[in-house]
Amino acid sequence: MKVAGIMSGTSLDGIDVAIVDIVPRAATLEVTTIATYTQAYTDDVRAALLSVSNSDTHTRAIARLHFLLPQLYAEAFFECCRAASLDPVEVALIGCHGQTIYHEGAPADVLGRKVASTLQIGDGSVLAELTATKVVSDFRPRDIAAGGQGAPLVPYVDWLLFRHKKKGRALVNIGGIANVTLLAPNCQLSQVLAFDTGPGNLLIDQLAAHFSGGAERCDFDGKMGRAGIVNPALLAVLLQDDFYHRPPPKSAGREQYGEELVGRLIRTGLSGEDLVATVTRLTAVTIAEAICACVEQTGAIAEVIASGGGVHNPFLMQCLREELPEKLRLTTTARHGVDPDFKEAVAFAVLAYETCLGRASSVPSATGACHPVVLGKVSY
């Protein structure tokens with residue numbers, strides 16, 4: 001079956017589409033990527049999404065974007081098909097994550113009750129109508145309803161595609177937020193450990209945009225970070241955050257690493273280069289420490305396999321290599337047949353496939369839910 005996955009992440013850089021062919025093989029799935037496409041958000045769309053992300057806003061703005069995004073997703077889907085000379089009718093299903101504008105996986109006090117919540121906009125019914133294709137969307141709420149944090153959801157696919165009979169592996173995705181999936185040798189799904197480690201590119205991107213006057217959306221090629229000097233005192237303060245010392249399950253988002261923290265960083269008076277160097281090291285340290293802290297639970301890890309936009313930042317990858325134990329091999333998913341830029345889009349295609357078969361694909365050991373659930377809502 002040909003399935004499309006559509007992903008737009010916390011970095012708010014654009015829309016990734018991956019079209020895969022899924023073939024059942026015994027107790028697993030064979031997943032082959034046949035087309036990929038990225039459509040960058042325009043400056044005005046990105047600004048509009050930022051204005052409703054963990055901020056005071058108007059319901060009108062959220063509702064309008066909720067219906068605008070499916071138009072952009074549909075355009076990206078059709079462009080992906082066109083570029084691959086693929087007839088859209090050959091794609092039987094679309095899995096669309098939507099755009100997260102708020103995520104609070106840990107319960108908060110709300111009107112006298114404890115409530116965990118998440119909100120991804122980009123209506124699945126609108127996308128189904130525009131593409132004339134069945135759509136699975138809104139993947140996170142059912143896991144939260146079952147007592148989980150609604151994140152991370154990719155570990156099921158990590159386990160499916162990357163587990164090894166003899167080698168322990170850590171899958172690290174460095175998007176806006178960084179997350180890790182730890183796979184012990186020949187592990188069962190119930191043994192998978194996964195969680196958000198903290199910032200990925202989010203702090204780096206925001207600081208690069210601020211100090212470039214908006215000319216840059218990221219630290220291109222790691223040049224800004226490499227030109228700076230890590231501030232040990234600031235790094236030590238940042239590492240005191242309780243999030244890094246909290247045991248999983250745990251999830252993070254722009255709520256922790258958005259404008260408020262960036263404003264505090266800017267007010268330190270450090271240069272842009274030094275700040276970017278420091279938060280780049282923060283990302284590397286928190287990923288490495290998260291992996292090392294879990295070795296007792298997962299067994300020996302022989303290989304760290306990275307994906308996401310962070311793999312294109314050579315300074316960040318250098319920092320990560322320096323922070324990881326020497327014995328750990330650092331590679332990317334490209335060595336295993338999955339484009340690092342599209343791993344999450346591939347994942348949501350697979351999750352949508354499982355949902356349409358009525359199969360649970362959440363991982364309670366990763367999210368903290370009391371039982372596995374079938375993820376998402378189906379729009380015909």
# chains A, B, ... in the order shown; residues from 1 in each chain; ligands from 1
$ select_by_dssp --residues "stretch 94-320 of chain A" --states "helix (DSSP H, G or I)" --output "PyMOL selection string"
chain A and resi 124-131+141-145+155-162+189-191+202-211+220-227+232-238+242-245+254-257+259-266+272-293+295-298+309-312+314-320
$ write_last_selection --atoms "C-alpha atoms" --output "short mmCIF file (atom, residue, chain, number, x, y, z; two decimals), in the first residue's frame"
data_model
loop_
_atom_site.label_atom_id
_atom_site.label_comp_id
_atom_site.auth_asym_id
_atom_site.auth_seq_id
_atom_site.Cartn_x
_atom_site.Cartn_y
_atom_site.Cartn_z
CA GLY A 124 -7.98 16.12 8.73
CA SER A 125 -11.46 16.30 7.19
CA VAL A 126 -10.48 19.33 5.12
CA LEU A 127 -7.31 17.56 3.95
CA ALA A 128 -9.32 14.46 3.04
CA GLU A 129 -11.70 16.55 0.97
CA LEU A 130 -8.93 18.44 -0.81
CA THR A 131 -6.95 15.31 -1.67
CA PRO A 141 -4.98 12.99 22.23
CA ARG A 142 -5.90 9.31 22.63
CA ASP A 143 -2.59 8.56 24.34
CA ILE A 144 -3.12 11.51 26.69
CA ALA A 145 -6.62 10.24 27.44
CA PRO A 155 9.29 5.06 18.99
CA TYR A 156 6.95 2.43 17.54
CA VAL A 157 8.39 3.07 14.10
CA ASP A 158 11.95 3.27 15.47
CA TRP A 159 11.44 -0.18 16.96
CA LEU A 160 9.87 -1.50 13.78
CA LEU A 161 12.61 -0.24 11.43
CA PHE A 162 15.80 -0.05 13.49
CA LEU A 189 8.10 -3.31 21.99
CA SER A 190 7.20 -3.20 25.69
CA GLN A 191 10.91 -2.73 26.50
CA LEU A 202 14.73 25.44 18.73
CA LEU A 203 16.95 27.70 20.85
CA ILE A 204 19.65 27.78 18.16
CA ASP A 205 17.15 28.81 15.48
CA GLN A 206 15.51 31.54 17.54
CA LEU A 207 18.83 33.09 18.55
CA ALA A 208 20.15 32.93 14.97
CA ALA A 209 16.99 34.67 13.74
CA HIS A 210 17.22 37.36 16.44
CA PHE A 211 20.88 38.23 15.92
CA PHE A 220 23.44 27.63 8.68
CA ASP A 221 26.33 25.14 8.61
CA GLY A 222 26.91 25.85 12.33
CA LYS A 223 28.96 28.94 11.44
CA MET A 224 27.56 31.15 14.18
CA GLY A 225 28.06 28.58 16.93
CA ARG A 226 31.53 27.67 15.77
CA ALA A 227 32.52 31.35 15.85
CA PRO A 232 30.40 27.62 31.18
CA ALA A 233 28.50 29.58 33.82
CA LEU A 234 25.42 30.02 31.62
CA LEU A 235 25.56 26.39 30.50
CA ALA A 236 25.67 25.26 34.14
CA VAL A 237 22.62 27.39 34.96
CA LEU A 238 20.67 26.01 31.99
CA ASP A 242 14.53 20.14 36.60
CA PHE A 243 13.42 18.72 33.24
CA TYR A 244 16.83 17.17 32.56
CA HIS A 245 16.92 15.36 35.89
CA ARG A 254 8.04 25.56 22.67
CA GLU A 255 6.41 26.13 26.06
CA GLN A 256 9.80 25.54 27.72
CA TYR A 257 12.10 26.73 24.94
CA GLU A 259 10.30 33.40 23.60
CA GLU A 260 10.51 33.62 27.40
CA LEU A 261 13.76 31.62 27.66
CA VAL A 262 15.22 33.23 24.55
CA GLY A 263 14.52 36.66 26.04
CA ARG A 264 16.37 35.68 29.22
CA LEU A 265 19.33 34.49 27.17
CA ILE A 266 19.50 37.72 25.17
CA GLY A 272 25.03 36.11 19.54
CA GLU A 273 27.90 33.80 18.67
CA ASP A 274 28.58 32.90 22.31
CA LEU A 275 24.89 32.32 23.02
CA VAL A 276 24.47 30.06 19.99
CA ALA A 277 27.65 28.16 20.91
CA THR A 278 26.32 27.70 24.45
CA VAL A 279 22.83 26.46 23.52
CA THR A 280 24.32 24.19 20.84
CA ARG A 281 26.44 22.60 23.55
CA LEU A 282 23.32 22.41 25.75
CA THR A 283 21.56 20.35 23.09
CA ALA A 284 24.53 18.01 22.75
CA VAL A 285 25.07 17.58 26.49
CA THR A 286 21.41 16.85 27.26
CA ILE A 287 21.15 14.28 24.45
CA ALA A 288 24.36 12.52 25.50
CA GLU A 289 23.50 12.54 29.21
CA ALA A 290 20.04 11.17 28.50
CA ILE A 291 21.49 8.25 26.57
CA CYS A 292 24.15 7.46 29.16
CA ALA A 293 21.72 7.74 32.08
CA VAL A 295 22.18 2.35 29.89
CA GLU A 296 21.33 0.40 33.06
CA GLN A 297 17.73 0.02 31.87
CA THR A 298 18.43 -0.69 28.21
CA GLY A 309 17.41 19.00 10.76
CA GLY A 310 20.15 18.98 13.40
CA VAL A 311 22.22 16.50 11.38
CA HIS A 312 22.92 19.33 8.90
CA PRO A 314 28.21 20.20 11.60
CA PHE A 315 29.04 22.12 14.78
CA LEU A 316 26.13 20.49 16.63
CA MET A 317 27.13 17.04 15.38
CA GLN A 318 30.74 17.71 16.44
CA CYS A 319 29.54 18.72 19.91
CA LEU A 320 27.44 15.56 20.14
#
$ select_by_dssp --residues "stretch 184-292 of chain A" --states "strand (DSSP E)" --output "MDAnalysis selection string"
chainID A and resid 193:199
$ write_last_selection --atoms "C-alpha atoms" --output "JSON list (two decimals), in the first residue's frame"
[["chain", "number", "residue", "atom", "x", "y", "z"],
["A", 193, "LEU", "CA", 12.37, 3.50, 26.29],
["A", 194, "ALA", "CA", 11.86, 6.88, 24.65],
["A", 195, "PHE", "CA", 11.44, 10.50, 25.72],
["A", 196, "ASP", "CA", 12.22, 14.11, 24.83],
["A", 197, "THR", "CA", 15.69, 15.13, 25.99],
["A", 198, "GLY", "CA", 15.21, 18.90, 25.74],
["A", 199, "PRO", "CA", 15.97, 21.47, 23.03]]
$ atom_distance --atom1 "atom CA of A:Ala302" --atom2 "atom CA of A:Thr332"
13.7 Å
$ atom_distance --atom1 "atom CA of A:Ala84" --atom2 "atom CA of A:Tyr41"
21.3 Å
$ closest_residue --among "A:Leu328, A:Ser85, A:His66, A:Lys343" --to "A:Gly168" --atoms "only C-alpha atoms"
A:Leu328
$ atom_distance --atom1 "atom CA of A:Lys167" --atom2 "atom CA of A:Gly337"
17.6 Å
$ decode --residues "stretch 119-177 of chain A" --atoms "C-alpha atoms" --output "tab-separated table (two decimals), in the first residue's frame"
chain	number	residue	atom	x	y	z
A	119	LEU	CA	-3.33	20.85	20.30
A	120	GLN	CA	-2.29	20.15	16.73
A	121	ILE	CA	-4.05	22.24	14.08
A	122	GLY	CA	-4.64	21.37	10.42
A	123	ASP	CA	-8.03	19.70	10.06
A	124	GLY	CA	-7.98	16.12	8.73
A	125	SER	CA	-11.46	16.30	7.19
A	126	VAL	CA	-10.48	19.33	5.12
A	127	LEU	CA	-7.31	17.56	3.95
A	128	ALA	CA	-9.32	14.46	3.04
A	129	GLU	CA	-11.70	16.55	0.97
A	130	LEU	CA	-8.93	18.44	-0.81
A	131	THR	CA	-6.95	15.31	-1.67
A	132	ALA	CA	-9.85	12.86	-2.12
A	133	THR	CA	-7.83	10.52	0.11
A	134	LYS	CA	-8.45	8.91	3.49
A	135	VAL	CA	-6.59	10.84	6.21
A	136	VAL	CA	-5.47	9.92	9.72
A	137	SER	CA	-4.70	12.98	11.86
A	138	ASP	CA	-4.65	14.20	15.45
A	139	PHE	CA	-2.50	11.34	16.73
A	140	ARG	CA	-1.70	12.52	20.26
A	141	PRO	CA	-4.98	12.99	22.23
A	142	ARG	CA	-5.90	9.31	22.63
A	143	ASP	CA	-2.59	8.56	24.34
A	144	ILE	CA	-3.12	11.51	26.69
A	145	ALA	CA	-6.62	10.24	27.44
A	146	ALA	CA	-5.03	6.92	28.44
A	147	GLY	CA	-2.79	8.68	30.93
A	148	GLY	CA	0.21	9.23	28.66
A	149	GLN	CA	2.00	12.40	27.63
A	150	GLY	CA	1.00	12.09	23.97
A	151	ALA	CA	4.68	12.06	23.05
A	152	PRO	CA	6.91	10.74	21.75
A	153	LEU	CA	4.96	8.73	19.15
A	154	VAL	CA	7.78	7.82	16.76
A	155	PRO	CA	9.29	5.06	18.99
A	156	TYR	CA	6.95	2.43	17.54
A	157	VAL	CA	8.39	3.07	14.10
A	158	ASP	CA	11.95	3.27	15.47
A	159	TRP	CA	11.44	-0.18	16.96
A	160	LEU	CA	9.87	-1.50	13.78
A	161	LEU	CA	12.61	-0.24	11.43
A	162	PHE	CA	15.80	-0.05	13.49
A	163	ARG	CA	15.87	-2.75	16.18
A	164	HIS	CA	18.79	-5.17	15.87
A	165	LYS	CA	19.15	-8.70	17.19
A	166	LYS	CA	22.63	-8.17	18.62
A	167	LYS	CA	23.29	-4.42	18.85
A	168	GLY	CA	21.74	-1.86	21.15
A	169	ARG	CA	20.82	1.35	19.37
A	170	ALA	CA	19.82	4.89	20.32
A	171	LEU	CA	17.71	6.74	17.76
A	172	VAL	CA	18.06	10.51	18.20
A	173	ASN	CA	15.84	12.92	16.32
A	174	ILE	CA	17.07	16.51	16.47
A	175	GLY	CA	14.19	18.67	15.34
A	176	GLY	CA	13.02	21.73	17.23
A	177	ILE	CA	12.91	19.44	20.26
